[in-house]
Amino acid sequence: MIIEPRTRGFICLTAHPKGCEKNVLNQINYVKSKDPIEGPKNVLVIGASTGFGLASRITSAFGSNAATIGVFLEKPPKPNRPASPGWYNSAAFETQAHQAGLYAKSINGDAFSDDIKKQTIELIKKDLGQIDLVIYSLASPVRLHPKTGIKHKSVLKPIGGVYTNKTVDFHTGDISQISIDPATEEDVANTIAVMGGEDWYFWIDALQKENLLAPNATTVAYSYIGPKLTEPVYRKGTIGRAKDDLEATAFKISDSLKSINGKAYVSVNKALVTQASSAIPVIPLYISLLYKIMKENNVHEGCIEQMERLFSERLYTTEQPNTDKEGRIRVDDWEMREDIQAQIKDLWDNATTETLGSIGDLEGYNTDFFNLFGFKVEGVNYDEDVNEIVEIPGLQ
Ligand code: NAD
Ligand code: NA
């Protein structure tokens, strides 16, 4: 079929297998262009199909020759109905990994469930024995709690008062004011239940009980901080509470891993266009200004550059990675540079529908957004008939 983007708000309902494949190849080539990393050997990536999780998997495999198991929740294709992008990404990744002689298998299902944890454990026992790196990179709006059966929904709201600021419709470039009502206590609890650390803890606990974590095993989850500007809706809002919980869980997991000398870290990553971040009000405008400034200063990175740097310059260099005083690894250091933030603050005040085209990188945002779904990727012929039915070679 000929596959075109069909967008509805901040989601795209279609995905292009060739474009997704090309994105994955580009990421693999980026990692191969860098020095090899003396990194992990057996890696489990939870949330492995898109964004930071996919980039972590690619860095593990092609930077460090690691065997990888990927867990994700993606929609398979049906005749005349393309798969979700993470499906095509995983198909392309596993094809390339297998061609390179690397072990790569995956499990598609709800990572929050006991059943998917059990399936993953069985696969590790059968094939890999022990894991030395667990990446936890889920971004989800909902979690069906495996113990209580409650379906928690996360929200993106400020806490304590209405938050009003500018936001952009990144399809049209229209800037408008948005007001978001504050969260209730229940909203906060639900968001923590979905995006906080409990499930990360459950995963590590389940793996450790089965003796599937190698001596000195590391686990890393991803967080975000960002500038004052977005604090009410991000770091001091409901999602920020969940990130506080995730960050606290790192200490709890490190404690539980003492007997194997294991370590849990949170890495604070930079703001990037992903399916998860497109859904947060105000953030897309911030990102389009950030991209402009970071590109001008030659410090712009995508997911793969971030994860390659995390592995090569933080996790696998010195014995203990440098952390901030809260114990977090920082690869958002370039985003948070004082000079970068000062420039964004100036631009923010001047950003209007009329000025954004020249002062922001709306085009970069837009391209990145479509790229997530395999569209607007350089070197792909979109007029060509493609087979929407693609298999993931290592899918269990
Ligand atoms: P993403 O949407 O690209 O990736 C989410 C992954 O989770 C996908 O692989 C998806 O299949 C998987 N997933 C979602 N629900 C699942 C479920 N129930 N079971 C199994 N798999 C499931 O998101 P991302 O932006 O890469 O986010 C990953 C982490 O990085 C999140 O913790 C996010 O907060 C954090 N982070 C994101 C940014 C950013 O700007 N995008 C910045 C810093 C940190
Ligand atoms: Na991810």
# chains A, B, ... in the order shown; residues from 1 in each chain; ligands from 1

$ residues_near_ligand --ligand "ligand 1" --cutoff "7 Å" --atoms "only C-alpha atoms and all ligand atoms" --output "PDB file with N, CA and C atoms, in the first residue's frame"
ATOM      1  N   ILE A  46      13.254  -2.293  28.769  1.00  0.00           N
ATOM      2  CA  ILE A  46      11.805  -2.248  28.960  1.00  0.00           C
ATOM      3  C   ILE A  46      11.340  -0.908  28.391  1.00  0.00           C
ATOM      4  N   GLY A  47      10.577  -0.965  27.309  1.00  0.00           N
ATOM      5  CA  GLY A  47      10.235   0.254  26.545  1.00  0.00           C
ATOM      6  C   GLY A  47      11.244   0.444  25.426  1.00  0.00           C
ATOM      7  N   ALA A  48      11.479  -0.651  24.666  1.00  0.00           N
ATOM      8  CA  ALA A  48      12.623  -0.731  23.748  1.00  0.00           C
ATOM      9  C   ALA A  48      12.340  -0.292  22.321  1.00  0.00           C
ATOM     10  N   SER A  49      11.106   0.092  22.020  1.00  0.00           N
ATOM     11  CA  SER A  49      10.740   0.205  20.609  1.00  0.00           C
ATOM     12  C   SER A  49      10.804   1.610  20.019  1.00  0.00           C
ATOM     13  N   THR A  50      10.835   2.611  20.857  1.00  0.00           N
ATOM     14  CA  THR A  50      10.889   3.996  20.361  1.00  0.00           C
ATOM     15  C   THR A  50      11.726   4.848  21.316  1.00  0.00           C
ATOM     16  N   GLY A  51      11.975   6.062  20.939  1.00  0.00           N
ATOM     17  CA  GLY A  51      12.579   7.062  21.823  1.00  0.00           C
ATOM     18  C   GLY A  51      13.889   6.632  22.455  1.00  0.00           C
ATOM     19  N   PHE A  52      14.030   6.965  23.743  1.00  0.00           N
ATOM     20  CA  PHE A  52      15.272   6.688  24.461  1.00  0.00           C
ATOM     21  C   PHE A  52      15.523   5.193  24.646  1.00  0.00           C
ATOM     22  N   GLY A  53      14.471   4.425  24.794  1.00  0.00           N
ATOM     23  CA  GLY A  53      14.632   2.983  24.977  1.00  0.00           C
ATOM     24  C   GLY A  53      15.218   2.327  23.731  1.00  0.00           C
ATOM     25  N   LEU A  54      14.673   2.668  22.572  1.00  0.00           N
ATOM     26  CA  LEU A  54      15.200   2.141  21.307  1.00  0.00           C
ATOM     27  C   LEU A  54      16.665   2.552  21.134  1.00  0.00           C
ATOM     28  N   VAL A  71      11.349  -5.272  25.475  1.00  0.00           N
ATOM     29  CA  VAL A  71       9.935  -5.397  25.847  1.00  0.00           C
ATOM     30  C   VAL A  71       9.250  -4.103  25.438  1.00  0.00           C
ATOM     31  N   PHE A  72       8.093  -4.213  24.819  1.00  0.00           N
ATOM     32  CA  PHE A  72       7.374  -3.005  24.381  1.00  0.00           C
ATOM     33  C   PHE A  72       5.918  -3.328  24.149  1.00  0.00           C
ATOM     34  N   LEU A  73       5.142  -2.290  23.903  1.00  0.00           N
ATOM     35  CA  LEU A  73       3.715  -2.463  23.608  1.00  0.00           C
ATOM     36  C   LEU A  73       3.434  -1.774  22.281  1.00  0.00           C
ATOM     37  N   GLU A  74       3.357  -2.554  21.239  1.00  0.00           N
ATOM     38  CA  GLU A  74       3.161  -1.990  19.903  1.00  0.00           C
ATOM     39  C   GLU A  74       2.058  -2.740  19.166  1.00  0.00           C
ATOM     40  N   GLY A  86       6.835   1.713  16.566  1.00  0.00           N
ATOM     41  CA  GLY A  86       7.751   0.878  17.343  1.00  0.00           C
ATOM     42  C   GLY A  86       7.815  -0.562  16.847  1.00  0.00           C
ATOM     43  N   ASN A 108       6.192  -8.495  23.062  1.00  0.00           N
ATOM     44  CA  ASN A 108       5.233  -7.405  22.870  1.00  0.00           C
ATOM     45  C   ASN A 108       4.049  -7.610  23.801  1.00  0.00           C
ATOM     46  N   GLY A 109       3.908  -6.727  24.764  1.00  0.00           N
ATOM     47  CA  GLY A 109       2.796  -6.846  25.700  1.00  0.00           C
ATOM     48  C   GLY A 109       2.935  -5.829  26.813  1.00  0.00           C
ATOM     49  N   ASP A 110       2.015  -5.888  27.763  1.00  0.00           N
ATOM     50  CA  ASP A 110       1.970  -4.894  28.835  1.00  0.00           C
ATOM     51  C   ASP A 110       3.050  -5.158  29.891  1.00  0.00           C
ATOM     52  N   ALA A 111       4.076  -4.324  29.861  1.00  0.00           N
ATOM     53  CA  ALA A 111       5.214  -4.486  30.777  1.00  0.00           C
ATOM     54  C   ALA A 111       4.813  -4.332  32.245  1.00  0.00           C
ATOM     55  N   PHE A 112       3.682  -3.695  32.494  1.00  0.00           N
ATOM     56  CA  PHE A 112       3.232  -3.528  33.884  1.00  0.00           C
ATOM     57  C   PHE A 112       2.651  -4.832  34.456  1.00  0.00           C
ATOM     58  N   SER A 137      12.551   2.271  30.352  1.00  0.00           N
ATOM     59  CA  SER A 137      12.228   3.462  29.548  1.00  0.00           C
ATOM     60  C   SER A 137      10.775   3.473  29.094  1.00  0.00           C
ATOM     61  N   LEU A 138       9.881   3.152  30.022  1.00  0.00           N
ATOM     62  CA  LEU A 138       8.461   3.181  29.661  1.00  0.00           C
ATOM     63  C   LEU A 138       7.923   4.601  29.694  1.00  0.00           C
ATOM     64  N   ALA A 139       7.069   4.916  28.753  1.00  0.00           N
ATOM     65  CA  ALA A 139       6.268   6.145  28.831  1.00  0.00           C
ATOM     66  C   ALA A 139       4.864   5.724  28.454  1.00  0.00           C
ATOM     67  N   SER A 140       3.966   5.815  29.399  1.00  0.00           N
ATOM     68  CA  SER A 140       2.610   5.314  29.168  1.00  0.00           C
ATOM     69  C   SER A 140       1.590   6.216  29.839  1.00  0.00           C
ATOM     70  N   ARG A 143      -1.777   2.540  33.484  1.00  0.00           N
ATOM     71  CA  ARG A 143      -1.199   1.307  34.051  1.00  0.00           C
ATOM     72  C   ARG A 143      -2.289   0.522  34.764  1.00  0.00           C
ATOM     73  N   ALA A 221      16.882   4.212  34.748  1.00  0.00           N
ATOM     74  CA  ALA A 221      15.586   4.733  34.291  1.00  0.00           C
ATOM     75  C   ALA A 221      15.789   6.191  33.900  1.00  0.00           C
ATOM     76  N   TYR A 222      14.873   6.737  33.110  1.00  0.00           N
ATOM     77  CA  TYR A 222      15.065   8.075  32.560  1.00  0.00           C
ATOM     78  C   TYR A 222      14.127   9.111  33.167  1.00  0.00           C
ATOM     79  N   SER A 223      14.697  10.285  33.383  1.00  0.00           N
ATOM     80  CA  SER A 223      13.920  11.358  33.981  1.00  0.00           C
ATOM     81  C   SER A 223      14.147  12.648  33.216  1.00  0.00           C
ATOM     82  N   TYR A 224      13.427  13.674  33.626  1.00  0.00           N
ATOM     83  CA  TYR A 224      13.566  14.984  33.000  1.00  0.00           C
ATOM     84  C   TYR A 224      13.412  16.057  34.067  1.00  0.00           C
ATOM     85  N   VAL A 268      19.050  11.870  33.786  1.00  0.00           N
ATOM     86  CA  VAL A 268      18.207  12.975  33.356  1.00  0.00           C
ATOM     87  C   VAL A 268      18.588  13.319  31.924  1.00  0.00           C
ATOM     88  N   ASN A 269      17.660  13.118  31.019  1.00  0.00           N
ATOM     89  CA  ASN A 269      17.912  13.334  29.598  1.00  0.00           C
ATOM     90  C   ASN A 269      17.369  14.680  29.140  1.00  0.00           C
ATOM     91  N   LYS A 270      17.782  15.073  27.939  1.00  0.00           N
ATOM     92  CA  LYS A 270      17.309  16.361  27.420  1.00  0.00           C
ATOM     93  C   LYS A 270      15.910  16.233  26.824  1.00  0.00           C
ATOM     94  N   ALA A 271      15.259  17.355  26.649  1.00  0.00           N
ATOM     95  CA  ALA A 271      13.934  17.382  26.034  1.00  0.00           C
ATOM     96  C   ALA A 271      14.055  17.071  24.548  1.00  0.00           C
ATOM     97  N   LEU A 272      13.252  16.124  24.102  1.00  0.00           N
ATOM     98  CA  LEU A 272      13.278  15.726  22.703  1.00  0.00           C
ATOM     99  C   LEU A 272      11.870  15.437  22.221  1.00  0.00           C
ATOM    100  N   VAL A 273      11.696  15.528  20.927  1.00  0.00           N
ATOM    101  CA  VAL A 273      10.400  15.187  20.356  1.00  0.00           C
ATOM    102  C   VAL A 273      10.252  13.666  20.374  1.00  0.00           C
ATOM    103  N   THR A 274       9.314  13.183  21.165  1.00  0.00           N
ATOM    104  CA  THR A 274       8.947  11.766  21.122  1.00  0.00           C
ATOM    105  C   THR A 274       7.421  11.722  21.204  1.00  0.00           C
ATOM    106  N   GLN A 275       6.872  10.537  21.064  1.00  0.00           N
ATOM    107  CA  GLN A 275       5.415  10.445  21.178  1.00  0.00           C
ATOM    108  C   GLN A 275       4.970  10.935  22.553  1.00  0.00           C
ATOM    109  N   ALA A 276       5.784  10.623  23.564  1.00  0.00           N
ATOM    110  CA  ALA A 276       5.418  11.007  24.925  1.00  0.00           C
ATOM    111  C   ALA A 276       5.445  12.534  25.105  1.00  0.00           C
ATOM    112  N   SER A 277       6.495  13.203  24.621  1.00  0.00           N
ATOM    113  CA  SER A 277       6.624  14.629  24.918  1.00  0.00           C
ATOM    114  C   SER A 277       5.708  15.507  24.068  1.00  0.00           C
TER     115      SER A 277
END

$ select_by_dssp --residues "stretch 263-301 of chain A" --states "helix (DSSP H, G or I)" --output "count of residues only"
18

$ closest_residue --among "A:Val282, A:Ala250, A:Leu207, A:Leu372" --to "A:Ser179" --atoms "only C-alpha atoms"
A:Val282

$ residues_around --residues "A:Asp361" --least-positions-apart "2" --cutoff "6 Å" --atoms "only C-alpha atoms" --output "list in words"
Ser288, Tyr291, Lys292, Glu363 and Gly364 of chain A

$ write_last_selection --atoms "all heavy atoms" --output "short mmCIF file (atom, residue, chain, number, x, y, z; two decimals), in the first residue's frame"
data_model
loop_
_atom_site.label_atom_id
_atom_site.label_comp_id
_atom_site.auth_asym_id
_atom_site.auth_seq_id
_atom_site.Cartn_x
_atom_site.Cartn_y
_atom_site.Cartn_z
N SER A 288 10.80 23.70 20.50
CA SER A 288 11.12 24.32 19.21
C SER A 288 12.10 25.49 19.39
O SER A 288 12.95 25.73 18.53
CB SER A 288 9.87 24.71 18.43
OG SER A 288 9.23 25.78 19.06
N TYR A 291 15.57 23.68 20.31
CA TYR A 291 16.23 23.12 19.13
C TYR A 291 16.98 24.20 18.37
O TYR A 291 18.11 24.01 17.94
CB TYR A 291 15.18 22.50 18.18
CG TYR A 291 14.84 21.06 18.46
CD1 TYR A 291 14.94 20.52 19.75
CD2 TYR A 291 14.40 20.22 17.44
CE1 TYR A 291 14.61 19.20 19.99
CE2 TYR A 291 14.07 18.89 17.68
CZ TYR A 291 14.17 18.39 18.95
OH TYR A 291 13.84 17.08 19.17
N LYS A 292 16.31 25.34 18.21
CA LYS A 292 16.93 26.44 17.47
C LYS A 292 18.26 26.84 18.13
O LYS A 292 19.29 26.94 17.47
CB LYS A 292 15.96 27.63 17.46
CG LYS A 292 16.48 28.86 16.77
CD LYS A 292 16.23 28.81 15.29
CE LYS A 292 16.49 30.15 14.64
NZ LYS A 292 16.10 30.12 13.22
N GLU A 363 10.08 24.00 12.22
CA GLU A 363 10.27 23.03 11.14
C GLU A 363 11.01 21.79 11.65
O GLU A 363 10.65 20.66 11.31
CB GLU A 363 11.06 23.69 10.02
CG GLU A 363 10.82 23.05 8.68
CD GLU A 363 11.72 23.67 7.62
OE1 GLU A 363 11.74 24.92 7.53
OE2 GLU A 363 12.40 22.89 6.93
N GLY A 364 12.03 22.03 12.47
CA GLY A 364 12.76 20.91 13.06
C GLY A 364 11.86 20.07 13.95
O GLY A 364 11.92 18.84 13.94
#

$ closest_residue --among "A:Leu289, A:Ile180, A:Leu212, A:Leu156" --to "A:Leu356" --atoms "only C-alpha atoms"
A:Leu289

$ atom_distance --atom1 "atom CA of A:Lys243" --atom2 "atom CA of A:Lys117"
22.4 Å

$ closest_residue --among "A:Val380, A:Ala92, A:Ile239, A:Cys303" --to "ligand 2" --atoms "only C-alpha atoms and all ligand atoms"
A:Cys303

$ select_by_dssp --residues "stretch 162-396 of chain A" --states "strand (DSSP E or B)" --output "PyMOL selection string"
chain A and resi 163-169+174-180+213-223+263-268+329-330+395

$ write_last_selection --atoms "C-alpha atoms" --output "CSV table (one decimal), in the first residue's frame"
chain,number,residue,atom,x,y,z
A,163,TYR,CA,-1.1,27.4,35.1
A,164,THR,CA,-1.4,29.7,32.1
A,165,ASN,CA,1.3,30.0,29.5
A,166,LYS,CA,1.9,30.0,25.8
A,167,THR,CA,1.6,26.8,23.8
A,168,VAL,CA,2.0,26.0,20.1
A,169,ASP,CA,0.0,23.9,17.8
A,174,ASP,CA,-0.3,28.9,16.0
A,175,ILE,CA,0.7,30.2,19.4
A,176,SER,CA,-2.1,30.6,21.9
A,177,GLN,CA,-2.5,30.9,25.6
A,178,ILE,CA,-3.4,27.7,27.4
A,179,SER,CA,-4.8,27.4,31.0
A,180,ILE,CA,-4.5,24.1,32.8
A,213,LEU,CA,21.0,-10.2,37.6
A,214,ALA,CA,24.7,-10.6,37.1
A,215,PRO,CA,27.2,-9.4,39.7
A,216,ASN,CA,27.6,-5.6,39.4
A,217,ALA,CA,24.5,-5.3,37.3
A,218,THR,CA,23.2,-1.8,36.6
A,219,THR,CA,19.7,-0.5,36.0
A,220,VAL,CA,18.9,2.9,34.6
A,221,ALA,CA,15.6,4.7,34.3
A,222,TYR,CA,15.1,8.1,32.6
A,223,SER,CA,13.9,11.4,34.0
A,263,LYS,CA,23.4,-0.1,41.1
A,264,ALA,CA,20.3,1.7,40.1
A,265,TYR,CA,20.6,5.1,38.4
A,266,VAL,CA,18.3,7.7,37.0
A,267,SER,CA,19.7,9.6,34.0
A,268,VAL,CA,18.2,13.0,33.4
A,329,ILE,CA,23.4,11.1,36.0
A,330,ARG,CA,23.0,14.2,33.8
A,395,LEU,CA,9.4,-11.7,18.5

$ closest_residue --among "A:Ile304, A:Ala183, A:Val188, A:Ile359" --to "ligand 2" --atoms "only C-alpha atoms and all ligand atoms"
A:Ile304

$ residues_around --residues "A:Val31" --least-positions-apart "3" --cutoff "7 Å" --atoms "only C-alpha atoms" --output "VMD selection string"
chain A and resid 27 to 28 34 59 62 to 63 308

$ residues_around --residues "A:Pro141" --least-positions-apart "6" --cutoff "10 Å" --atoms "only C-alpha atoms" --output "list of chain:residue names"
A:His152, A:Lys153, A:Ser154, A:Val155, A:Leu156, A:Thr191, A:Val194, A:Met195, A:Ala276

$ write_last_selection --atoms "C-alpha atoms" --output "PDB file, in the first residue's frame"
ATOM      1  CA  HIS A 152      -4.526   4.240  36.795  1.00  0.00           C
ATOM      2  CA  LYS A 153      -4.502   7.115  34.307  1.00  0.00           C
ATOM      3  CA  SER A 154      -1.717   9.662  34.393  1.00  0.00           C
ATOM      4  CA  VAL A 155      -2.423  13.353  33.815  1.00  0.00           C
ATOM      5  CA  LEU A 156      -0.244  16.313  32.876  1.00  0.00           C
ATOM      6  CA  THR A 191       0.257   9.763  37.789  1.00  0.00           C
ATOM      7  CA  VAL A 194       1.761   5.078  36.191  1.00  0.00           C
ATOM      8  CA  MET A 195       5.060   6.956  35.755  1.00  0.00           C
ATOM      9  CA  ALA A 276       5.418  11.007  24.925  1.00  0.00           C
TER      10      ALA A 276
END
